[in-house]
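A.B. asks: File follows, coords13.cif with mmCIF, C-alpha atoms:
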data_my_file
loop_
_atom_site.group_PDB
_atom_site.id
_atom_site.type_symbol
_atom_site.label_atom_id
_atom_site.label_comp_id
_atom_site.auth_asym_id
_atom_site.auth_seq_id
_atom_site.Cartn_x
_atom_site.Cartn_y
_atom_site.Cartn_z
ATOM 1 C CA MET A 249 5.346 3.360 -30.120
ATOM 2 C CA ILE A 250 4.750 1.091 -27.130
ATOM 3 C CA GLU A 251 8.416 1.274 -26.176
ATOM 4 C CA ASN A 252 7.914 4.983 -25.476
ATOM 5 C CA LEU A 253 5.457 4.078 -22.704
ATOM 6 C CA LEU A 254 7.014 0.987 -21.148
ATOM 7 C CA ALA A 255 10.650 0.288 -20.336
ATOM 8 C CA ALA A 256 12.652 -2.363 -18.478
ATOM 9 C CA PRO A 257 11.863 -4.591 -16.694
ATOM 10 C CA ILE A 258 8.906 -4.703 -19.103
ATOM 11 C CA VAL A 259 9.632 -6.061 -22.602
ATOM 12 C CA THR A 260 7.478 -4.993 -25.542
ATOM 13 C CA ALA A 261 6.946 -5.867 -29.201
ATOM 14 C CA GLN A 262 4.693 -4.318 -31.832
ATOM 15 C CA SER A 263 3.587 -4.588 -35.447
ATOM 16 C CA PHE A 264 2.025 -1.969 -37.715
ATOM 17 C CA GLY A 265 -0.241 -4.301 -39.648
ATOM 18 C CA ASP A 266 -0.182 -8.015 -40.391
ATOM 19 C CA PRO A 267 2.500 -9.914 -42.336
ATOM 20 C CA ASP A 268 1.508 -12.032 -45.311
ATOM 21 C CA PRO A 269 1.288 -14.936 -44.738
ATOM 22 C CA PRO A 270 0.142 -14.592 -41.121
ATOM 23 C CA PRO A 271 2.485 -15.805 -38.372
ATOM 24 C CA PRO A 272 1.986 -19.497 -37.562
ATOM 25 C CA LEU A 273 -0.094 -20.565 -34.586
ATOM 26 C CA PHE A 274 0.298 -23.476 -32.205
ATOM 27 C CA PRO A 275 -2.313 -26.253 -32.645
ATOM 28 C CA GLU A 276 -4.035 -25.196 -29.410
ATOM 29 C CA GLU A 277 -4.332 -21.638 -30.730
ATOM 30 C CA GLU A 278 -5.587 -22.932 -34.079
ATOM 31 C CA GLN A 279 -8.483 -24.508 -32.207
ATOM 32 C CA LEU A 280 -9.416 -21.129 -30.744
ATOM 33 C CA MET A 281 -9.515 -19.651 -34.257
ATOM 34 C CA ALA A 282 -11.310 -22.564 -35.929
ATOM 35 C CA LYS A 283 -14.475 -20.526 -36.583
ATOM 36 C CA ALA A 284 -12.916 -17.060 -36.742
ATOM 37 C CA VAL A 285 -13.247 -14.802 -39.773
ATOM 38 C CA ALA A 286 -10.054 -13.941 -41.672
ATOM 39 C CA GLU A 287 -9.590 -10.491 -40.108
ATOM 40 C CA ARG A 288 -9.922 -11.833 -36.567
ATOM 41 C CA ARG A 289 -7.488 -14.643 -37.357
ATOM 42 C CA ARG A 290 -4.903 -12.173 -38.711
ATOM 43 C CA GLU A 291 -5.056 -9.879 -35.692
ATOM 44 C CA PHE A 292 -4.932 -12.845 -33.310
ATOM 45 C CA SER A 293 -1.915 -14.348 -35.101
ATOM 46 C CA THR A 294 0.054 -11.105 -35.232
ATOM 47 C CA ALA A 295 -0.681 -10.221 -31.606
ATOM 48 C CA ARG A 296 0.496 -13.699 -30.540
ATOM 49 C CA ALA A 297 3.648 -13.271 -32.629
ATOM 50 C CA CYS A 298 4.299 -9.958 -30.852
ATOM 51 C CA ALA A 299 3.772 -11.669 -27.513
ATOM 52 C CA ARG A 300 6.247 -14.433 -28.378
ATOM 53 C CA ARG A 301 8.856 -11.866 -29.450
ATOM 54 C CA ALA A 302 8.376 -10.041 -26.162
ATOM 55 C CA LEU A 303 8.616 -13.294 -24.206
ATOM 56 C CA ALA A 304 11.851 -14.084 -26.032
ATOM 57 C CA GLY A 305 13.207 -10.863 -24.566
ATOM 58 C CA LEU A 306 12.650 -12.438 -21.143
ATOM 59 C CA GLY A 307 14.338 -15.639 -22.245
ATOM 60 C CA VAL A 308 11.027 -17.532 -22.424
ATOM 61 C CA PRO A 309 10.768 -20.005 -25.354
ATOM 62 C CA PRO A 310 7.782 -19.910 -27.729
ATOM 63 C CA VAL A 311 4.626 -21.321 -26.150
ATOM 64 C CA PRO A 312 0.896 -21.272 -26.946
ATOM 65 C CA ILE A 313 -0.891 -18.269 -25.475
ATOM 66 C CA LEU A 314 -4.458 -19.369 -24.892
ATOM 67 C CA SER A 315 -7.459 -17.457 -23.586
ATOM 68 C CA GLY A 316 -8.836 -17.739 -20.081
ATOM 69 C CA PRO A 317 -12.052 -16.395 -18.579
ATOM 70 C CA ARG A 318 -13.402 -13.314 -20.379
ATOM 71 C CA GLY A 319 -10.768 -13.775 -23.053
ATOM 72 C CA ALA A 320 -7.811 -12.779 -20.894
ATOM 73 C CA PRO A 321 -4.535 -14.273 -22.195
ATOM 74 C CA VAL A 322 -3.001 -17.103 -20.187
ATOM 75 C CA TRP A 323 0.691 -16.321 -19.812
ATOM 76 C CA PRO A 324 3.502 -18.760 -18.975
ATOM 77 C CA THR A 325 4.179 -19.403 -15.293
ATOM 78 C CA ALA A 326 5.848 -16.479 -13.510
ATOM 79 C CA VAL A 327 5.058 -14.038 -16.350
ATOM 80 C CA VAL A 328 2.520 -11.204 -16.473
ATOM 81 C CA GLY A 329 1.512 -9.453 -19.648
ATOM 82 C CA SER A 330 -1.023 -7.794 -21.880
ATOM 83 C CA MET A 331 -1.833 -7.633 -25.593
ATOM 84 C CA THR A 332 -3.736 -5.161 -27.730
ATOM 85 C CA HIS A 333 -4.835 -4.801 -31.320
ATOM 86 C CA CYS A 334 -6.717 -2.257 -33.376
ATOM 87 C CA ARG A 335 -6.887 -1.660 -37.109
ATOM 88 C CA GLY A 336 -3.302 -1.257 -38.301
ATOM 89 C CA TYR A 337 -1.552 -1.951 -35.013
ATOM 90 C CA ARG A 338 -0.807 -4.909 -32.692
ATOM 91 C CA ALA A 339 1.381 -4.975 -29.583
ATOM 92 C CA ALA A 340 2.286 -6.979 -26.493
ATOM 93 C CA ALA A 341 4.045 -6.244 -23.218
ATOM 94 C CA VAL A 342 5.366 -8.782 -20.707
ATOM 95 C CA ALA A 343 7.353 -8.838 -17.473
ATOM 96 C CA ARG A 344 8.472 -11.377 -14.929
ATOM 97 C CA ALA A 345 6.085 -11.701 -11.999
ATOM 98 C CA VAL A 346 8.964 -11.017 -9.601
ATOM 99 C CA ASP A 347 9.298 -7.565 -11.205
ATOM 100 C CA MET A 348 5.665 -6.590 -11.786
ATOM 101 C CA VAL A 349 2.327 -7.640 -10.312
ATOM 102 C CA SER A 350 0.174 -6.827 -13.324
ATOM 103 C CA LEU A 351 0.018 -4.630 -16.401
ATOM 104 C CA GLY A 352 -2.412 -3.609 -19.109
ATOM 105 C CA VAL A 353 -1.995 -2.023 -22.536
ATOM 106 C CA ASP A 354 -4.478 -0.764 -25.103
ATOM 107 C CA ALA A 355 -4.215 0.885 -28.516
ATOM 108 C CA GLU A 356 -6.969 2.714 -30.385
ATOM 109 C CA PRO A 357 -7.213 4.870 -33.503
ATOM 110 C CA ASN A 358 -6.972 8.579 -32.754
ATOM 111 C CA ALA A 359 -10.588 9.038 -33.810
ATOM 112 C CA PRO A 360 -13.737 10.009 -31.902
ATOM 113 C CA LEU A 361 -16.000 7.380 -30.391
ATOM 114 C CA ALA A 362 -18.924 6.424 -32.597
ATOM 115 C CA SER A 363 -21.482 8.592 -30.803
ATOM 116 C CA HIS A 364 -22.321 10.494 -27.641
ATOM 117 C CA SER A 365 -24.385 7.482 -26.580
ATOM 118 C CA VAL A 366 -21.255 5.339 -26.623
ATOM 119 C CA LEU A 367 -19.401 7.981 -24.620
ATOM 120 C CA LYS A 368 -22.130 7.928 -21.968
ATOM 121 C CA LEU A 369 -21.826 4.149 -21.736
ATOM 122 C CA VAL A 370 -18.109 4.313 -20.942
ATOM 123 C CA SER A 371 -17.824 7.543 -18.930
ATOM 124 C CA LEU A 372 -19.096 9.326 -15.852
ATOM 125 C CA PRO A 373 -20.536 12.880 -15.874
ATOM 126 C CA GLU A 374 -17.438 14.242 -14.122
ATOM 127 C CA GLU A 375 -15.224 12.648 -16.765
ATOM 128 C CA ARG A 376 -17.212 14.232 -19.589
ATOM 129 C CA VAL A 377 -16.676 17.644 -18.012
ATOM 130 C CA ARG A 378 -12.931 17.023 -17.972
ATOM 131 C CA LEU A 379 -13.035 15.800 -21.576
ATOM 132 C CA ARG A 380 -14.574 19.079 -22.751
ATOM 133 C CA ARG A 381 -11.772 21.026 -21.089
ATOM 134 C CA LEU A 382 -9.122 18.805 -22.637
ATOM 135 C CA ALA A 383 -10.696 19.089 -26.098
ATOM 136 C CA ALA A 384 -10.670 22.870 -25.846
ATOM 137 C CA SER A 385 -6.947 22.968 -25.065
ATOM 138 C CA ARG A 386 -5.661 20.045 -27.195
ATOM 139 C CA PRO A 387 -8.145 19.366 -30.037
ATOM 140 C CA GLU A 388 -5.654 17.184 -31.956
ATOM 141 C CA VAL A 389 -6.220 14.376 -29.429
ATOM 142 C CA CYS A 390 -9.545 12.509 -29.424
ATOM 143 C CA TRP A 391 -9.912 12.555 -25.659
ATOM 144 C CA ASP A 392 -13.104 10.516 -25.575
ATOM 145 C CA ARG A 393 -11.289 7.645 -27.292
ATOM 146 C CA LEU A 394 -8.284 8.126 -24.993
ATOM 147 C CA LEU A 395 -10.572 7.820 -21.971
ATOM 148 C CA PHE A 396 -11.975 4.585 -23.375
ATOM 149 C CA SER A 397 -8.460 3.267 -23.983
ATOM 150 C CA ALA A 398 -7.341 4.179 -20.467
ATOM 151 C CA LYS A 399 -10.279 2.262 -18.994
ATOM 152 C CA GLU A 400 -9.426 -0.738 -21.156
ATOM 153 C CA SER A 401 -5.844 -0.691 -19.844
ATOM 154 C CA VAL A 402 -7.096 -0.339 -16.268
ATOM 155 C CA TYR A 403 -9.382 -3.335 -16.732
ATOM 156 C CA LYS A 404 -6.596 -5.460 -18.199
ATOM 157 C CA ALA A 405 -4.405 -4.684 -15.173
ATOM 158 C CA TRP A 406 -7.317 -5.121 -12.738
ATOM 159 C CA TYR A 407 -8.685 -8.476 -13.913
ATOM 160 C CA PRO A 408 -5.695 -10.722 -13.065
ATOM 161 C CA LEU A 409 -5.726 -9.234 -9.549
ATOM 162 C CA ALA A 410 -9.464 -9.132 -8.865
ATOM 163 C CA GLY A 411 -10.764 -11.958 -11.059
ATOM 164 C CA ARG A 412 -13.978 -10.131 -11.872
ATOM 165 C CA TRP A 413 -15.379 -7.577 -14.285
ATOM 166 C CA LEU A 414 -14.735 -3.874 -13.668
ATOM 167 C CA ASP A 415 -17.510 -1.770 -15.145
ATOM 168 C CA PHE A 416 -16.712 1.437 -17.028
ATOM 169 C CA HIS A 417 -18.540 3.347 -14.288
ATOM 170 C CA GLU A 418 -16.570 1.743 -11.445
ATOM 171 C CA ALA A 419 -13.444 3.835 -11.980
ATOM 172 C CA THR A 420 -12.992 7.497 -12.796
ATOM 173 C CA ILE A 421 -10.090 8.618 -14.967
ATOM 174 C CA GLU A 422 -8.243 11.913 -14.738
ATOM 175 C CA VAL A 423 -5.805 12.596 -17.563
ATOM 176 C CA HIS A 424 -2.718 14.738 -17.005
ATOM 177 C CA PRO A 425 -1.963 16.008 -20.526
ATOM 178 C CA ALA A 426 1.336 17.780 -19.876
ATOM 179 C CA ALA A 427 2.836 14.759 -18.132
ATOM 180 C CA GLY A 428 1.424 12.156 -20.531
ATOM 181 C CA THR A 429 -0.063 10.244 -17.598
ATOM 182 C CA PHE A 430 -3.440 9.420 -16.101
ATOM 183 C CA THR A 431 -4.844 8.305 -12.770
ATOM 184 C CA ALA A 432 -7.751 5.905 -12.290
ATOM 185 C CA ARG A 433 -9.545 6.181 -8.950
ATOM 186 C CA LEU A 434 -11.504 3.047 -8.108
ATOM 187 C CA LEU A 435 -15.104 3.581 -7.036
ATOM 188 C CA VAL A 436 -15.421 0.000 -5.774
ATOM 189 C CA PRO A 437 -13.186 -1.926 -3.350
ATOM 190 C CA GLY A 438 -9.929 -2.714 -5.111
ATOM 191 C CA PRO A 439 -7.894 -5.919 -5.052
ATOM 192 C CA PHE A 440 -5.180 -6.556 -2.485
ATOM 193 C CA VAL A 441 -1.505 -6.325 -3.447
ATOM 194 C CA ALA A 442 1.051 -7.351 -0.832
ATOM 195 C CA GLY A 443 -1.673 -7.221 1.827
ATOM 196 C CA ASN A 444 -2.786 -3.713 0.898
ATOM 197 C CA ARG A 445 -5.964 -2.695 -0.913
ATOM 198 C CA VAL A 446 -5.346 -0.832 -4.166
ATOM 199 C CA THR A 447 -7.366 2.386 -4.476
ATOM 200 C CA HIS A 448 -5.835 3.839 -7.665
ATOM 201 C CA PHE A 449 -4.167 2.695 -10.848
ATOM 202 C CA HIS A 450 -1.589 4.845 -12.612
ATOM 203 C CA GLY A 451 -0.767 4.850 -16.296
ATOM 204 C CA GLY A 452 0.773 6.653 -19.223
ATOM 205 C CA TRP A 453 -0.549 7.619 -22.633
ATOM 206 C CA LEU A 454 0.665 8.895 -25.968
ATOM 207 C CA ALA A 455 -0.679 9.916 -29.362
ATOM 208 C CA GLU A 456 1.547 8.876 -32.277
ATOM 209 C CA HIS A 457 1.219 7.765 -35.911
ATOM 210 C CA GLY A 458 -2.570 8.232 -35.851
ATOM 211 C CA PHE A 459 -2.984 5.981 -32.804
ATOM 212 C CA LEU A 460 -3.637 6.456 -29.105
ATOM 213 C CA MET A 461 -1.925 4.157 -26.661
ATOM 214 C CA THR A 462 -2.353 3.701 -22.923
ATOM 215 C CA ALA A 463 -0.561 1.505 -20.419
ATOM 216 C CA VAL A 464 -1.054 0.696 -16.733
ATOM 217 C CA THR A 465 1.553 -0.959 -14.544
ATOM 218 C CA VAL A 466 1.085 -2.346 -11.037
ATOM 219 C CA PRO A 467 4.367 -2.659 -9.121
ATOM 220 C CA HIS A 468 4.698 -4.859 -6.059
ATOM 221 C CA VAL A 469 4.281 -1.828 -3.785
ATOM 222 C CA PRO A 470 1.740 0.417 -5.537
ATOM 223 C CA PRO A 471 1.955 4.109 -4.615
ATOM 224 C CA ASP A 472 -1.736 4.230 -3.658
ATOM 225 C CA VAL A 473 -2.762 1.483 -1.288
ATOM 226 C CA ARG A 474 -4.875 1.136 1.810
ATOM 227 C CA ARG A 475 -4.025 -1.312 4.554
ATOM 228 C CA PRO A 476 -6.759 -3.746 5.623
ATOM 229 C CA ASP A 477 -7.272 -1.684 8.796
ATOM 230 C CA GLY A 478 -8.204 1.312 6.635
ATOM 231 C CA VAL A 479 -5.044 3.359 7.268
#
How does this structure look as structure tokens?
C.D. replies:
Amino acid sequence: MIENLLAAPIVTAQSFGDPDPPPPLFPEEEQLMAKAVAERRREFSTARACARRALAGLGVPPVPILSGPRGAPVWPTAVVGSMTHCRGYRAAAVARAVDMVSLGVDAEPNAPLASHSVLKLVSLPEERVRLRRLAASRPEVCWDRLLFSAKESVYKAWYPLAGRWLDFHEATIEVHPAAGTFTARLLVPGPFVAGNRVTHFHGGWLAEHGFLMTAVTVPHVPPDVRRPDGV
């Protein structure tokens, strides 16, 4: 599934469910899971196994993948990456830092969000208008959940660049259903990439096997940037 969104120079790996027994962890990772419930431990172990398989595709030997601030994974030197897990699915994507500045992936069940209250927490009024239009034309896709997933992918790509939280209301998402893409317009000052301020993130999405998946990539020269002088 994830390979249909991301291609070289990005390497991906995925798992539909958890093997039994769970994949082994490094001692440092075991410490992170010391107080975790069984389900959390399984998803953590399988996601790390996916990440190590993806890293192997870059020629990187197995290493512990620990958690940094706000739970973001700490990747080996000169590697960027992202992991995701939801019930029944785990995946990872990695690339060399010389090829990609940042990336983010997220998977969700193709099911509606729990309530309209949750939708209001993660969306802007203009986005909810667009969601109603999308639902009328393509009801087989749970667009509210796709919007949530897209914002998760945006955040995962944003955080390594900005080093701070990005609120759900600090970016507005427009989905392009025919193209299988989406655009995130930042409503706050974006991070700098190669001396230019990022104003938008671009991503892709798909709906397969009962899941929704989104991915955002940030190349070294993003297509939407603003120079420090505002031009």
A.B. asks: Take the point (2.5, -8.9, -18.8) as written in the file and pick out every residue within 10 Å of it, counting all atoms listed in the file; give the list as a PyMOL selection string.
C.D. replies: chain A and resi 258-260+299+302-303+321-324+326-331+340-345+348-353+404-405+465
A.B. asks: Please evaluate the PyMOL selection byres ((chain A and resi 407) around 10) against the structure above and give the resulting residues as a list in words.
C.D. replies: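 Taken on the displayed file, the PyMOL selection byres ((chain A and resi 407) around 10) yields the residues Pro317, Arg318, Ala320, Ser350, Leu351, Gly352, Val402, Tyr403, Lys404, Ala405, Trp406, Pro408, Leu409, Ala410, Gly411, Arg412, Trp413, Leu414 and Pro439 of chain A.
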A.B. asks: Quick one: which stretch 411-461 of chain A residues come within 10 Å of stretch 368-372 of chain A, and what is the nearest atom pair for each with the distance in Å to one decimal, counting only C-alpha atoms, rows ordered by chain and ascending number, as a tab-separated table?
C.D. replies:
residue	atom	partner	partner_atom	distance
A:Asp415	CA	A:Val370	CA	8.4
A:Phe416	CA	A:Val370	CA	5.1
A:His417	CA	A:Leu372	CA	6.2
A:Glu418	CA	A:Leu372	CA	9.1
A:Ala419	CA	A:Leu372	CA	8.8
A:Thr420	CA	A:Leu372	CA	7.1
A:Ile421	CA	A:Ser371	CA	8.8
A.B. asks: With distances taken over all atoms listed in the file, which residue among A:Pro310, A:Gly451, A:Gly443, A:Gly305 lies nearest A:Ala256?
C.D. replies: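 That would be A:Gly305, the residue with the smallest distance to A:Ala256.
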A.B. asks: So how many Å separate atom CA of A:Glu388 and atom CA of A:Ala255, to one decimal?
C.D. replies: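 A separation of 26.2 Å between them.
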A.B. asks: Within 12 Å of (-0.4, 5.4, -27.4) in the file's own coordinates, which protein, DNA or RNA residues have an atom, counting only C-alpha atoms? List them as a count of residues only.
C.D. replies: 43
A.B. asks: Work out how far apart atom CA of A:Arg289 and atom CA of A:Pro309 are and give it in Å to one decimal.
C.D. replies: 22.5 Å
A.B. asks: Which one of A:Gly438, A:Pro373, A:Gly336, A:Pro275 sits closest to A:Pro312 if you count only C-alpha atoms?
C.D. replies: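 The answer is A:Pro275, which sits nearest to A:Pro312.
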A.B. asks: Just how far from atom CA of A:Leu434 is atom CA of A:Arg386, in Å to one decimal?
C.D. replies: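 Computed distance, atom CA of A:Arg386 to atom CA of A:Leu434, equals 26.2 Å.
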A.B. asks: For A:Arg381, list every protein, DNA or RNA residue within 12 Å, evaluated using only C-alpha atoms, and leave out those in the same chain fewer than 4 positions away; present the list as an MDAnalysis selection string.
C.D. replies: chainID A and resid 374:377 385:387 391:392 422:425
A.B. asks: Taking N, CA and C atoms as the atom set, what does stretch 436-456 of chain A look like once completed, written as an mmCIF file, in the frame of the given file?
C.D. replies:
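The resulting file, selection.cif, is shown below:
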data_model
loop_
_atom_site.group_PDB
_atom_site.id
_atom_site.type_symbol
_atom_site.label_atom_id
_atom_site.label_comp_id
_atom_site.auth_asym_id
_atom_site.auth_seq_id
_atom_site.Cartn_x
_atom_site.Cartn_y
_atom_site.Cartn_z
ATOM 1 N N VAL A 436 -15.026 1.252 -6.436
ATOM 2 C CA VAL A 436 -15.421 0.000 -5.774
ATOM 3 C C VAL A 436 -14.186 -0.504 -5.026
ATOM 4 N N PRO A 437 -14.363 -1.399 -4.058
ATOM 5 C CA PRO A 437 -13.186 -1.926 -3.350
ATOM 6 C C PRO A 437 -12.209 -2.580 -4.319
ATOM 7 N N GLY A 438 -10.948 -2.187 -4.213
ATOM 8 C CA GLY A 438 -9.929 -2.714 -5.111
ATOM 9 C C GLY A 438 -9.348 -4.017 -4.614
ATOM 10 N N PRO A 439 -8.551 -4.670 -5.454
ATOM 11 C CA PRO A 439 -7.894 -5.919 -5.052
ATOM 12 C C PRO A 439 -6.770 -5.635 -4.065
ATOM 13 N N PHE A 440 -6.298 -6.682 -3.415
ATOM 14 C CA PHE A 440 -5.180 -6.556 -2.485
ATOM 15 C C PHE A 440 -3.875 -6.884 -3.196
ATOM 16 N N VAL A 441 -2.859 -6.088 -2.959
ATOM 17 C CA VAL A 441 -1.505 -6.325 -3.447
ATOM 18 C C VAL A 441 -0.577 -6.225 -2.250
ATOM 19 N N ALA A 442 0.137 -7.296 -1.975
ATOM 20 C CA ALA A 442 1.051 -7.351 -0.832
ATOM 21 C C ALA A 442 0.336 -6.988 0.468
ATOM 22 N N GLY A 443 -0.914 -7.454 0.607
ATOM 23 C CA GLY A 443 -1.673 -7.221 1.827
ATOM 24 C C GLY A 443 -2.336 -5.872 1.917
ATOM 25 N N ASN A 444 -2.201 -5.046 0.897
ATOM 26 C CA ASN A 444 -2.786 -3.713 0.898
ATOM 27 C C ASN A 444 -3.838 -3.596 -0.205
ATOM 28 N N ARG A 445 -4.914 -2.877 0.081
ATOM 29 C CA ARG A 445 -5.964 -2.695 -0.913
ATOM 30 C C ARG A 445 -5.599 -1.557 -1.867
ATOM 31 N N VAL A 446 -5.641 -1.843 -3.154
ATOM 32 C CA VAL A 446 -5.346 -0.832 -4.166
ATOM 33 C C VAL A 446 -6.552 0.093 -4.309
ATOM 34 N N THR A 447 -6.302 1.392 -4.306
ATOM 35 C CA THR A 447 -7.366 2.386 -4.476
ATOM 36 C C THR A 447 -7.263 3.129 -5.800
ATOM 37 N N HIS A 448 -6.070 3.143 -6.409
ATOM 38 C CA HIS A 448 -5.835 3.839 -7.665
ATOM 39 C C HIS A 448 -4.956 2.981 -8.579
ATOM 40 N N PHE A 449 -5.113 3.188 -9.863
ATOM 41 C CA PHE A 449 -4.167 2.695 -10.848
ATOM 42 C C PHE A 449 -3.555 3.896 -11.549
ATOM 43 N N HIS A 450 -2.291 3.760 -11.936
ATOM 44 C CA HIS A 450 -1.589 4.845 -12.612
ATOM 45 C C HIS A 450 -1.104 4.363 -13.968
ATOM 46 N N GLY A 451 -1.174 5.239 -14.957
ATOM 47 C CA GLY A 451 -0.767 4.850 -16.296
ATOM 48 C C GLY A 451 -0.196 5.994 -17.085
ATOM 49 N N GLY A 452 0.259 5.660 -18.292
ATOM 50 C CA GLY A 452 0.773 6.653 -19.223
ATOM 51 C C GLY A 452 0.037 6.558 -20.535
ATOM 52 N N TRP A 453 0.119 7.614 -21.336
ATOM 53 C CA TRP A 453 -0.549 7.619 -22.633
ATOM 54 C C TRP A 453 0.295 8.387 -23.637
ATOM 55 N N LEU A 454 0.039 8.126 -24.905
ATOM 56 C CA LEU A 454 0.665 8.895 -25.968
ATOM 57 C C LEU A 454 -0.223 8.868 -27.203
ATOM 58 N N ALA A 455 0.003 9.829 -28.070
ATOM 59 C CA ALA A 455 -0.679 9.916 -29.362
ATOM 60 C C ALA A 455 0.399 10.001 -30.437
ATOM 61 N N GLU A 456 0.517 8.945 -31.247
ATOM 62 C CA GLU A 456 1.547 8.876 -32.277
ATOM 63 C C GLU A 456 1.028 8.109 -33.487
#
